[in-house]
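Let me begin by presenting the structure, written as structure tokens, before commenting on it.
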Number of protein chains: 2
Amino acid sequence: MGDVVGTRGGAGQACRGRCGACPARATGLCAIGAAGTAAAATGLAEAVALDTGEALFSQGDAARHVYAVAGGTLKLTRLMADGRSHVAGFVSAGDTVGLAGADAATHAFGAVALGKARVCRFRRDRLLDLADACPAFGRGLFGLVSAELAAAQDRMLLLGRKTAQEKVASFLLAMLAAGNRHGGTADTLELPMNRADIADHLGLTFETVSRCVTKLKSTGSIRLLPGNRVQVRDAPALADLAAAA
Amino acid sequence: MGDVVGTRGGAGQACRGRCGACPARATGLCAIGAAGTAAAATGLAEAVALDTGEALFSQGDAARHVYAVAGGTLKLTRLMADGRSHVAGFVSAGDTVGLAGADAATHAFGAVALGKARVCRFRRDRLLDLADACPAFGRGLFGLVSAELAAAQDRMLLLGRKTAQEKVASFLLAMLAAGNRHGGTADTLELPMNRADIADHLGLTFETVSRCVTKLKSTGSIRLLPGNRVQVRDAPALADLAAAA
DNA sequence: CGATCCCTTGACGAGTTTCAAGTGGCGTGG
DNA sequence: CCACGCCACTTGAAACTCGTCAAGGGATCG
């Protein structure tokens with residue numbers, strides 16, 4: 001696990017200086033913490049820095065913390081006994097990690113940084129205590145898990161009923177939307193993960209992902225830019241291929 | 001939607017008489033309601049009876065209620081624009097329906113009774129108010145959604161990375177476990193849904209499901225009994241095929 | 001008794017995976 | 001500064017799983 005870079009003070013006061021500029025401030029765990037009470041979750045945060053490929057936690061680890069991503073991207077991976085793997089999702093600034101399986105003692109998936117990443121961690125028991133004390137915070141936590149569940153149901157439809165081409169188109173649109181949530185360029189998205197990670201996320205092989213991307217490129221719907229970036233040149237065509245639910 | 005059979009009184013008092021014998025009493029929404037406070041969610045329940053094939057609610061309907069299944073089984077279905085469908089899950093006595101997408105104004109899926117079913121419904125806003133007033137109840141709701149999310153992640157692994165045979169074996173074991181939760185026969189499970197529903201649940205076609213079941217039957221792992229029941233004769237072999245995460 | 005629905009089984013084909021080779025970019029080291 | 005090697009990605013061909021189309025059997029209900 002990454003080094004603890006700094007520990008926040010006990011009150012919101014000590015936090016504001018550092019949280020103020022945080023891109024995650026306005027979303028997810030931190031947003032409901034800030035809105036909830038004056039002495040909110042922000043006072044409980046510990047910053048963690050991760051290098052490329054470093055694990056924030058591994059599948060099966062004791063789940064004592066919940067994490068808010070401040071910068072960078074992490075992949076959430078589940079492994080099967082025979083080596084097959086599934087990427088449950090990608091999280092970036094503003095997303096919350098590890099909230100699922102509230103009573104579960106251990107994490108059902110591992111979290112690995114795809115590049116340098118910054119994360120704030122909160123003790124799970126403290127968050128639950130805070131939810132007890134502050135109904136607004138409790139509703140916020142509930143809403144976060146609830147939204148995650150809704151997203152999971154969308155992905156089940158994708159995994160079970162969409163073709164490879166539809167999966168890739170859906171994924172690109174989802175990444176575009178995720179990027180624009182925090183002020184990305186309107187038609188360009190970044191792919192910090194490699195083809196294999198995308199494949200594991202979509203239930204495909206990396207060769208198939210590559211072929212689908214090539215096809216989208218050749219039809220002119222997208223264009224590959226240097227630095228693992230993708231420009232969406234025909235979003236409607238992509239949405240059409242994505243075959244939304 | 002089904003007829004409202006009866007309306008519970010405002011206090012726990014009026015409910016006890018009817019809830020006492022309910023198989024759902026000890027699980028899910030009702031359990032946390034009973035444990036939470038004396039004047040818990042049970043006082044807010046309205047009973048609903050459904051006939052075979054009847055919808056409790058449809059995809060896109062306003063999501064004003066949350067439901068606790070008292071008897072029977074329902075399937076939760078999502079439809080794609082082109083007619084492809086996905087069964088998000090099956091719920092039976094003790095399960096909770098419609099908790100997901102807390103802030104969502106509409107249901108992301110429809111719920112259809114697979115036989116005669118009994119359901120108790122609760123106004124969503126009342127439940128959230130109750131959670132505000134009673135932290136234990138709030139934690140209970142959070143735990144329910146959280147557990148659903150954990151289950152959803154298991155199913156994503158199944159949908160994305162398992163073969164048809166593994167999917168069917170996993171499904172049968174899951175149904176066996178679900179049946180035994182409430183005192184079913186140790187090695188026999190009921191399948192109130194047809195092959196097409198199972199297929200839509202597992203991301204397969206009903207022909208493929210049929211072939212996989214036949215194969216399990218021919219290897220002696222299972223035996224088909226009258227009344228859409230299945231006897232598991234070799235659970236370890238099934239677990240082996242299921243290729244658990 | 002017939003109709004209908006669901007399930008089973010077979011044959012074929014499409015889409016995806018698997019296996020394999022080749023290309024390109026990027027950092028390292030000479 | 002350039003060559004080399006590594007890694008990720010691309011591309012091709014063959015194999016295989018699963019889907020599609022089609023026909024038939026069995027149970028249930030009117």
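Each chain in the structure tokens gets a letter, A, B and so on, in the order shown; residues start at 1 in every chain, and ligands are counted from 1 in the order they appear.
The environment of D:DT10 within 10 Å, counting only C-alpha atoms (C1' of nucleotides) and disregarding residues fewer than 4 places along the same chain, consists of A:Glu207, A:Ser210, A:Arg211, A:Thr214, C:DG22, C:DT23, C:DG24.
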Just all heavy atoms for this one: save the residues we selected as a compact mmCIF listing (two decimals), in the first residue's frame.
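For reference, selection.txt as written:
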# COMPACT_ATOMS: atom_id res chain seq x y z
N GLU A 207 -7.56 -8.54 -28.14
CA GLU A 207 -7.54 -8.52 -29.60
C GLU A 207 -8.88 -8.01 -30.15
O GLU A 207 -8.91 -7.23 -31.10
CB GLU A 207 -7.26 -9.91 -30.17
CG GLU A 207 -5.87 -10.44 -29.88
CD GLU A 207 -5.88 -11.36 -28.67
OE1 GLU A 207 -6.69 -11.11 -27.76
OE2 GLU A 207 -5.07 -12.30 -28.65
N SER A 210 -9.17 -4.33 -29.73
CA SER A 210 -8.35 -3.65 -30.73
C SER A 210 -9.06 -3.62 -32.09
O SER A 210 -9.11 -2.59 -32.76
CB SER A 210 -7.01 -4.38 -30.85
OG SER A 210 -6.19 -3.76 -31.82
N ARG A 211 -9.63 -4.75 -32.47
CA ARG A 211 -10.33 -4.81 -33.76
C ARG A 211 -11.52 -3.85 -33.80
O ARG A 211 -11.76 -3.18 -34.81
CB ARG A 211 -10.81 -6.23 -34.02
CG ARG A 211 -9.75 -7.13 -34.60
CD ARG A 211 -10.31 -8.51 -34.92
NE ARG A 211 -9.83 -9.52 -34.01
CZ ARG A 211 -8.72 -10.25 -34.21
NH1 ARG A 211 -7.99 -10.05 -35.27
NH2 ARG A 211 -8.35 -11.14 -33.33
N THR A 214 -10.29 -0.31 -34.11
CA THR A 214 -9.83 -0.09 -35.49
C THR A 214 -11.02 0.15 -36.41
O THR A 214 -10.98 1.04 -37.27
CB THR A 214 -9.04 -1.32 -35.99
OG1 THR A 214 -7.91 -1.52 -35.14
CG2 THR A 214 -8.59 -1.12 -37.42
P DG C 22 6.44 -12.65 -39.30
OP1 DG C 22 6.78 -12.92 -40.71
OP2 DG C 22 7.44 -12.87 -38.23
O5' DG C 22 5.92 -11.14 -39.20
C5' DG C 22 4.68 -10.80 -39.84
C4' DG C 22 4.26 -9.41 -39.42
O4' DG C 22 3.77 -9.46 -38.05
C3' DG C 22 5.41 -8.39 -39.42
O3' DG C 22 4.94 -7.18 -40.01
C2' DG C 22 5.71 -8.18 -37.95
C1' DG C 22 4.33 -8.37 -37.35
N9 DG C 22 4.32 -8.69 -35.92
C8 DG C 22 4.96 -9.73 -35.29
N7 DG C 22 4.76 -9.76 -34.00
C5 DG C 22 3.93 -8.67 -33.78
C6 DG C 22 3.37 -8.17 -32.57
O6 DG C 22 3.49 -8.62 -31.43
N1 DG C 22 2.60 -7.03 -32.79
C2 DG C 22 2.38 -6.45 -34.02
N2 DG C 22 1.62 -5.37 -34.04
N3 DG C 22 2.89 -6.90 -35.15
C4 DG C 22 3.65 -8.00 -34.95
P DT C 23 6.03 -6.09 -40.48
OP1 DT C 23 5.85 -5.86 -41.92
OP2 DT C 23 7.35 -6.46 -39.92
O5' DT C 23 5.50 -4.81 -39.71
C5' DT C 23 4.10 -4.51 -39.73
C4' DT C 23 3.80 -3.49 -38.65
O4' DT C 23 3.84 -4.12 -37.35
C3' DT C 23 4.78 -2.32 -38.60
O3' DT C 23 4.07 -1.12 -38.77
C2' DT C 23 5.41 -2.41 -37.21
C1' DT C 23 4.36 -3.19 -36.43
N1 DT C 23 4.87 -3.97 -35.28
C2 DT C 23 4.46 -3.62 -34.02
O2 DT C 23 3.71 -2.70 -33.79
N3 DT C 23 4.98 -4.41 -33.02
C4 DT C 23 5.84 -5.49 -33.15
O4 DT C 23 6.24 -6.12 -32.18
C5 DT C 23 6.23 -5.80 -34.50
C7 DT C 23 7.15 -6.93 -34.74
C6 DT C 23 5.73 -5.04 -35.49
P DG C 24 4.88 0.22 -39.08
OP1 DG C 24 4.09 0.97 -40.07
OP2 DG C 24 6.30 -0.10 -39.32
O5' DG C 24 4.77 0.97 -37.68
C5' DG C 24 3.50 1.10 -37.06
C4' DG C 24 3.69 1.59 -35.63
O4' DG C 24 4.15 0.48 -34.82
C3' DG C 24 4.72 2.71 -35.50
O3' DG C 24 4.10 3.83 -34.89
C2' DG C 24 5.82 2.11 -34.63
C1' DG C 24 5.14 0.96 -33.92
N9 DG C 24 6.00 -0.18 -33.63
C8 DG C 24 6.78 -0.87 -34.51
N7 DG C 24 7.45 -1.86 -33.95
C5 DG C 24 7.07 -1.80 -32.62
C6 DG C 24 7.46 -2.61 -31.52
O6 DG C 24 8.24 -3.56 -31.52
N1 DG C 24 6.85 -2.20 -30.34
C2 DG C 24 5.96 -1.15 -30.24
N2 DG C 24 5.47 -0.90 -29.03
N3 DG C 24 5.59 -0.39 -31.25
C4 DG C 24 6.18 -0.77 -32.39
From a DSSP calculation on the backbone, collect every residue of stretch 72-143 of chain A in strand (DSSP E or B) and output the set as a PyMOL selection string.
chain A and resi 73-79+85-92+96-97+106+110-113+117-123
Would you mind exporting C-alpha atoms of the selected residues as a tab-separated table (two decimals), in the first residue's frame?
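In the end it all went to selection_35.tsv:
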chain	number	residue	atom	x	y	z
A	73	THR	CA	-7.18	6.62	-12.17
A	74	LEU	CA	-7.45	3.21	-10.52
A	75	LYS	CA	-8.83	-0.04	-11.83
A	76	LEU	CA	-10.91	-2.34	-9.64
A	77	THR	CA	-10.11	-5.95	-10.42
A	78	ARG	CA	-11.51	-9.33	-9.47
A	79	LEU	CA	-9.58	-12.50	-10.09
A	85	SER	CA	-9.85	-11.49	-14.44
A	86	HIS	CA	-12.62	-8.96	-14.54
A	87	VAL	CA	-12.22	-5.23	-14.16
A	88	ALA	CA	-15.24	-4.17	-12.13
A	89	GLY	CA	-14.64	-0.55	-12.97
A	90	PHE	CA	-12.31	2.40	-13.31
A	91	VAL	CA	-12.37	5.23	-10.79
A	92	SER	CA	-10.91	8.71	-11.06
A	96	THR	CA	-15.55	6.65	-4.14
A	97	VAL	CA	-13.99	3.21	-3.66
A	106	THR	CA	-12.93	-8.02	3.26
A	110	GLY	CA	-8.52	-5.11	-5.55
A	111	ALA	CA	-7.67	-1.53	-6.54
A	112	VAL	CA	-4.58	-0.77	-8.60
A	113	ALA	CA	-3.31	2.62	-9.73
A	117	ALA	CA	-2.67	8.57	-8.18
A	118	ARG	CA	-3.74	10.41	-5.06
A	119	VAL	CA	-6.39	9.04	-2.74
A	120	CYS	CA	-7.90	10.07	0.58
A	121	ARG	CA	-8.89	7.32	2.93
A	122	PHE	CA	-11.48	7.30	5.69
A	123	ARG	CA	-12.03	4.75	8.40
Residues of chain C were defined as contacting chain A if any atom lay at most 10 Å from it, counting only C-alpha atoms (C1' of nucleotides); please report them as a PyMOL selection string.
chain C and resi 15-18
As a ChimeraX atom specification, could you give me every residue of chain D near chain B (at most 10 Å apart, counting only C-alpha atoms (C1' of nucleotides))?
/D:17-20
Please produce a file of the residues just selected, as a CSV table (one decimal), in the first residue's frame, where the atoms kept are C-alpha atoms (C1' of nucleotides).
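The resulting again36.csv:
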chain,number,residue,atom,x,y,z
D,17,DT,C1',-18.3,-21.7,-28.5
D,18,DC,C1',-22.6,-20.1,-28.7
D,19,DG,C1',-26.5,-18.2,-31.4
D,20,DT,C1',-29.8,-19.0,-35.1
Could I get the residues of chain B with an atom no further than 9 Å from an atom of chain A, each paired with its nearest atom pair and that distance in Å to one decimal, using only C-alpha atoms, sorted by chain and residue number, as CSV?
residue,atom,partner,partner_atom,distance
B:Arg78,CA,A:Ala245,CA,7.7
B:Leu79,CA,A:Ala245,CA,6.4
B:Met80,CA,A:Ala245,CA,4.2
B:Ala81,CA,A:Ala245,CA,6.0
B:Asp82,CA,A:Ala243,CA,8.1
B:Arg84,CA,A:Arg161,CA,7.1
B:Ser85,CA,A:Arg161,CA,7.5
B:His86,CA,A:Leu157,CA,6.1
B:Val87,CA,A:Leu157,CA,8.6
B:Ala88,CA,A:Gln153,CA,7.0
B:Leu99,CA,A:Ser146,CA,7.7
B:Ala100,CA,A:Ser146,CA,5.1
B:Gly101,CA,A:Ser146,CA,5.1
B:Ala102,CA,A:Ser146,CA,5.8
B:Asp103,CA,A:Gly143,CA,6.9
B:Ala104,CA,A:Ala147,CA,8.5
B:Ala108,CA,A:Ala150,CA,7.6
B:Leu128,CA,A:Arg139,CA,7.8
B:Ala131,CA,A:Pro135,CA,7.5
B:Asp132,CA,A:Pro135,CA,4.8
B:Ala133,CA,A:Pro135,CA,7.7
B:Cys134,CA,A:Asp132,CA,8.1
B:Pro135,CA,A:Asp132,CA,4.8
B:Ala136,CA,A:Asp132,CA,7.6
B:Gly138,CA,A:Gly138,CA,7.1
B:Arg139,CA,A:Leu128,CA,7.8
B:Leu141,CA,A:Phe142,CA,7.9
B:Phe142,CA,A:Phe142,CA,5.6
B:Gly143,CA,A:Ala102,CA,5.9
B:Leu144,CA,A:Ala102,CA,8.9
B:Val145,CA,A:Ser146,CA,6.5
B:Ser146,CA,A:Gly101,CA,5.1
B:Ala147,CA,A:Gly101,CA,5.5
B:Glu148,CA,A:Leu149,CA,7.5
B:Leu149,CA,A:Leu149,CA,5.3
B:Ala150,CA,A:Gly101,CA,5.6
B:Ala151,CA,A:Gly101,CA,9.0
B:Ala152,CA,A:Ala152,CA,6.5
B:Gln153,CA,A:Ala88,CA,7.0
B:Asp154,CA,A:Ala108,CA,8.9
B:Arg155,CA,A:Met156,CA,7.5
B:Met156,CA,A:Met156,CA,5.7
B:Leu157,CA,A:His86,CA,6.1
B:Leu159,CA,A:Gly160,CA,5.5
B:Gly160,CA,A:Gly203,CA,4.1
B:Arg161,CA,A:Gly203,CA,5.8
B:Lys162,CA,A:Arg84,CA,9.0
B:Asp200,CA,A:Gly160,CA,8.0
B:His201,CA,A:Gly160,CA,8.1
B:Leu202,CA,A:Gly160,CA,6.8
B:Gly203,CA,A:Gly160,CA,4.1
B:Leu204,CA,A:Gly160,CA,7.5
B:Ala243,CA,A:Ala81,CA,7.3
B:Ala244,CA,A:Met80,CA,6.8
B:Ala245,CA,A:Met80,CA,4.2
Alpha helix (DSSP H) call set, DSSP backbone run, stretch 78-172 of chain A, as a CSV table (one decimal) with N, CA, C and O atoms, in the first residue's frame:
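And here is the file that came out, out_25.csv:
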chain,number,residue,atom,x,y,z
A,124,ARG,N,-13.8,3.3,7.8
A,124,ARG,CA,-15.2,2.9,7.6
A,124,ARG,C,-16.1,3.1,8.8
A,124,ARG,O,-17.2,3.6,8.7
A,125,ASP,N,-15.6,2.7,10.0
A,125,ASP,CA,-16.4,2.7,11.2
A,125,ASP,C,-16.8,4.2,11.5
A,125,ASP,O,-17.9,4.5,11.9
A,126,ARG,N,-15.8,5.1,11.2
A,126,ARG,CA,-16.0,6.5,11.5
A,126,ARG,C,-17.1,7.0,10.6
A,126,ARG,O,-17.9,7.8,11.0
A,127,LEU,N,-17.1,6.6,9.3
A,127,LEU,CA,-18.1,7.1,8.4
A,127,LEU,C,-19.5,6.6,8.8
A,127,LEU,O,-20.4,7.4,8.8
A,128,LEU,N,-19.5,5.4,9.2
A,128,LEU,CA,-20.8,4.9,9.7
A,128,LEU,C,-21.3,5.6,10.9
A,128,LEU,O,-22.5,5.9,11.1
A,129,ASP,N,-20.4,5.9,11.8
A,129,ASP,CA,-20.8,6.6,13.0
A,129,ASP,C,-21.3,8.0,12.6
A,129,ASP,O,-22.3,8.5,13.1
A,130,LEU,N,-20.6,8.6,11.7
A,130,LEU,CA,-21.0,10.0,11.2
A,130,LEU,C,-22.4,9.9,10.6
A,130,LEU,O,-23.2,10.8,10.8
A,131,ALA,N,-22.7,8.8,9.9
A,131,ALA,CA,-24.0,8.7,9.3
A,131,ALA,C,-25.0,8.5,10.3
A,131,ALA,O,-26.2,9.1,10.2
A,132,ASP,N,-24.7,7.9,11.4
A,132,ASP,CA,-25.7,7.8,12.5
A,132,ASP,C,-26.0,9.2,13.1
A,132,ASP,O,-27.1,9.5,13.4
A,133,ALA,N,-24.9,9.9,13.2
A,133,ALA,CA,-25.1,11.2,13.9
A,133,ALA,C,-25.7,12.3,13.0
A,133,ALA,O,-26.4,13.2,13.4
A,135,PRO,N,-28.1,12.6,9.7
A,135,PRO,CA,-28.9,11.9,8.6
A,135,PRO,C,-28.6,12.3,7.2
A,135,PRO,O,-28.6,11.5,6.3
A,136,ALA,N,-28.2,13.6,7.0
A,136,ALA,CA,-27.9,14.0,5.7
A,136,ALA,C,-26.7,13.3,5.1
A,136,ALA,O,-26.7,12.9,3.9
A,137,PHE,N,-25.7,13.0,6.0
A,137,PHE,CA,-24.6,12.3,5.5
A,137,PHE,C,-24.9,10.8,5.3
A,137,PHE,O,-24.5,10.2,4.3
A,138,GLY,N,-25.8,10.3,6.1
A,138,GLY,CA,-26.3,8.9,5.9
A,138,GLY,C,-27.0,8.8,4.6
A,138,GLY,O,-26.7,7.9,3.8
A,139,ARG,N,-27.9,9.8,4.3
A,139,ARG,CA,-28.5,9.7,3.0
A,139,ARG,C,-27.5,9.8,1.8
A,139,ARG,O,-27.7,9.2,0.8
A,140,GLY,N,-26.5,10.6,2.0
A,140,GLY,CA,-25.5,10.8,1.0
A,140,GLY,C,-24.8,9.5,0.7
A,140,GLY,O,-24.6,9.1,-0.4
A,141,LEU,N,-24.4,8.8,1.8
A,141,LEU,CA,-23.7,7.5,1.6
A,141,LEU,C,-24.7,6.5,0.9
A,141,LEU,O,-24.3,5.8,0.0
A,142,PHE,N,-25.9,6.5,1.3
A,142,PHE,CA,-26.9,5.6,0.7
A,142,PHE,C,-27.0,5.9,-0.8
A,142,PHE,O,-27.1,5.0,-1.6
A,143,GLY,N,-27.0,7.2,-1.1
A,143,GLY,CA,-27.1,7.6,-2.5
A,143,GLY,C,-26.0,7.2,-3.3
A,143,GLY,O,-26.1,6.8,-4.5
A,144,LEU,N,-24.8,7.2,-2.7
A,144,LEU,CA,-23.6,6.8,-3.5
A,144,LEU,C,-23.6,5.3,-3.8
A,144,LEU,O,-23.4,5.0,-5.0
A,145,VAL,N,-24.0,4.5,-2.8
A,145,VAL,CA,-24.0,3.1,-3.1
A,145,VAL,C,-25.1,2.8,-4.1
A,145,VAL,O,-25.0,1.9,-5.0
A,146,SER,N,-26.2,3.5,-3.9
A,146,SER,CA,-27.4,3.3,-4.7
A,146,SER,C,-27.1,3.6,-6.2
A,146,SER,O,-27.5,2.9,-7.1
A,147,ALA,N,-26.3,4.7,-6.4
A,147,ALA,CA,-26.0,5.1,-7.8
A,147,ALA,C,-25.0,4.1,-8.3
A,147,ALA,O,-25.1,3.7,-9.5
A,148,GLU,N,-24.1,3.5,-7.5
A,148,GLU,CA,-23.2,2.5,-8.0
A,148,GLU,C,-24.0,1.3,-8.4
A,148,GLU,O,-23.6,0.6,-9.4
A,149,LEU,N,-25.0,1.0,-7.6
A,149,LEU,CA,-25.8,-0.2,-8.0
A,149,LEU,C,-26.5,0.0,-9.3
A,149,LEU,O,-26.6,-0.9,-10.1
A,150,ALA,N,-27.1,1.2,-9.5
A,150,ALA,CA,-27.7,1.5,-10.8
A,150,ALA,C,-26.7,1.3,-12.0
A,150,ALA,O,-27.1,0.8,-13.0
A,151,ALA,N,-25.5,1.8,-11.8
A,151,ALA,CA,-24.5,1.7,-12.8
A,151,ALA,C,-24.1,0.2,-13.0
A,151,ALA,O,-23.9,-0.2,-14.2
A,152,ALA,N,-24.1,-0.6,-12.0
A,152,ALA,CA,-23.8,-2.0,-12.1
A,152,ALA,C,-24.8,-2.7,-12.9
A,152,ALA,O,-24.5,-3.6,-13.7
A,153,GLN,N,-26.1,-2.3,-12.8
A,153,GLN,CA,-27.1,-2.9,-13.5
A,153,GLN,C,-27.0,-2.6,-15.0
A,153,GLN,O,-27.3,-3.4,-15.9
A,154,ASP,N,-26.6,-1.4,-15.3
A,154,ASP,CA,-26.4,-1.0,-16.7
A,154,ASP,C,-25.3,-1.9,-17.3
A,154,ASP,O,-25.4,-2.4,-18.4
A,155,ARG,N,-24.2,-2.1,-16.5
A,155,ARG,CA,-23.1,-2.9,-17.0
A,155,ARG,C,-23.5,-4.4,-17.1
A,155,ARG,O,-22.9,-5.1,-18.0
A,156,MET,N,-24.4,-4.9,-16.3
A,156,MET,CA,-24.8,-6.2,-16.5
A,156,MET,C,-25.5,-6.4,-17.8
A,156,MET,O,-25.3,-7.4,-18.5
A,157,LEU,N,-26.3,-5.4,-18.2
A,157,LEU,CA,-27.0,-5.5,-19.5
A,157,LEU,C,-25.9,-5.5,-20.6
A,157,LEU,O,-26.0,-6.3,-21.5
A,158,LEU,N,-25.0,-4.6,-20.4
A,158,LEU,CA,-23.9,-4.6,-21.4
A,158,LEU,C,-23.1,-5.9,-21.5
A,158,LEU,O,-23.0,-6.4,-22.6
A,159,LEU,N,-22.8,-6.5,-20.4
A,159,LEU,CA,-22.0,-7.7,-20.4
A,159,LEU,C,-22.8,-8.9,-20.9
A,159,LEU,O,-22.2,-9.8,-21.6
A,160,GLY,N,-24.0,-8.9,-20.6
A,160,GLY,CA,-24.8,-10.1,-21.0
A,160,GLY,C,-25.5,-10.0,-22.3
A,160,GLY,O,-25.7,-11.1,-23.0
A,161,ARG,N,-25.7,-8.8,-22.8
A,161,ARG,CA,-26.6,-8.8,-24.0
A,161,ARG,C,-26.0,-7.9,-25.2
A,161,ARG,O,-26.7,-7.8,-26.2
A,164,ALA,N,-19.6,-7.2,-29.2
A,164,ALA,CA,-18.3,-6.6,-28.9
A,164,ALA,C,-18.3,-5.1,-29.4
A,164,ALA,O,-17.9,-4.3,-28.7
A,165,GLN,N,-18.8,-4.9,-30.6
A,165,GLN,CA,-18.9,-3.5,-31.1
A,165,GLN,C,-19.7,-2.6,-30.2
A,165,GLN,O,-19.3,-1.5,-30.0
A,166,GLU,N,-20.8,-3.1,-29.8
A,166,GLU,CA,-21.7,-2.3,-28.9
A,166,GLU,C,-21.0,-2.0,-27.6
A,166,GLU,O,-21.1,-0.9,-27.0
A,167,LYS,N,-20.3,-3.0,-27.1
A,167,LYS,CA,-19.6,-2.8,-25.8
A,167,LYS,C,-18.5,-1.7,-25.9
A,167,LYS,O,-18.4,-0.9,-25.0
A,168,VAL,N,-17.7,-1.8,-26.9
A,168,VAL,CA,-16.7,-0.8,-27.1
A,168,VAL,C,-17.2,0.6,-27.3
A,168,VAL,O,-16.8,1.5,-26.7
A,169,ALA,N,-18.3,0.7,-28.1
A,169,ALA,CA,-18.9,2.0,-28.4
A,169,ALA,C,-19.4,2.6,-27.0
A,169,ALA,O,-19.3,3.7,-26.7
A,170,SER,N,-20.1,1.7,-26.3
A,170,SER,CA,-20.7,2.1,-25.0
A,170,SER,C,-19.6,2.6,-24.1
A,170,SER,O,-19.7,3.6,-23.4
A,171,PHE,N,-18.5,1.8,-24.1
A,171,PHE,CA,-17.4,2.2,-23.2
A,171,PHE,C,-16.8,3.5,-23.5
A,171,PHE,O,-16.6,4.3,-22.6
A,172,LEU,N,-16.6,3.8,-24.8
A,172,LEU,CA,-16.0,5.1,-25.2
A,172,LEU,C,-16.9,6.2,-24.8
A,172,LEU,O,-16.5,7.2,-24.3
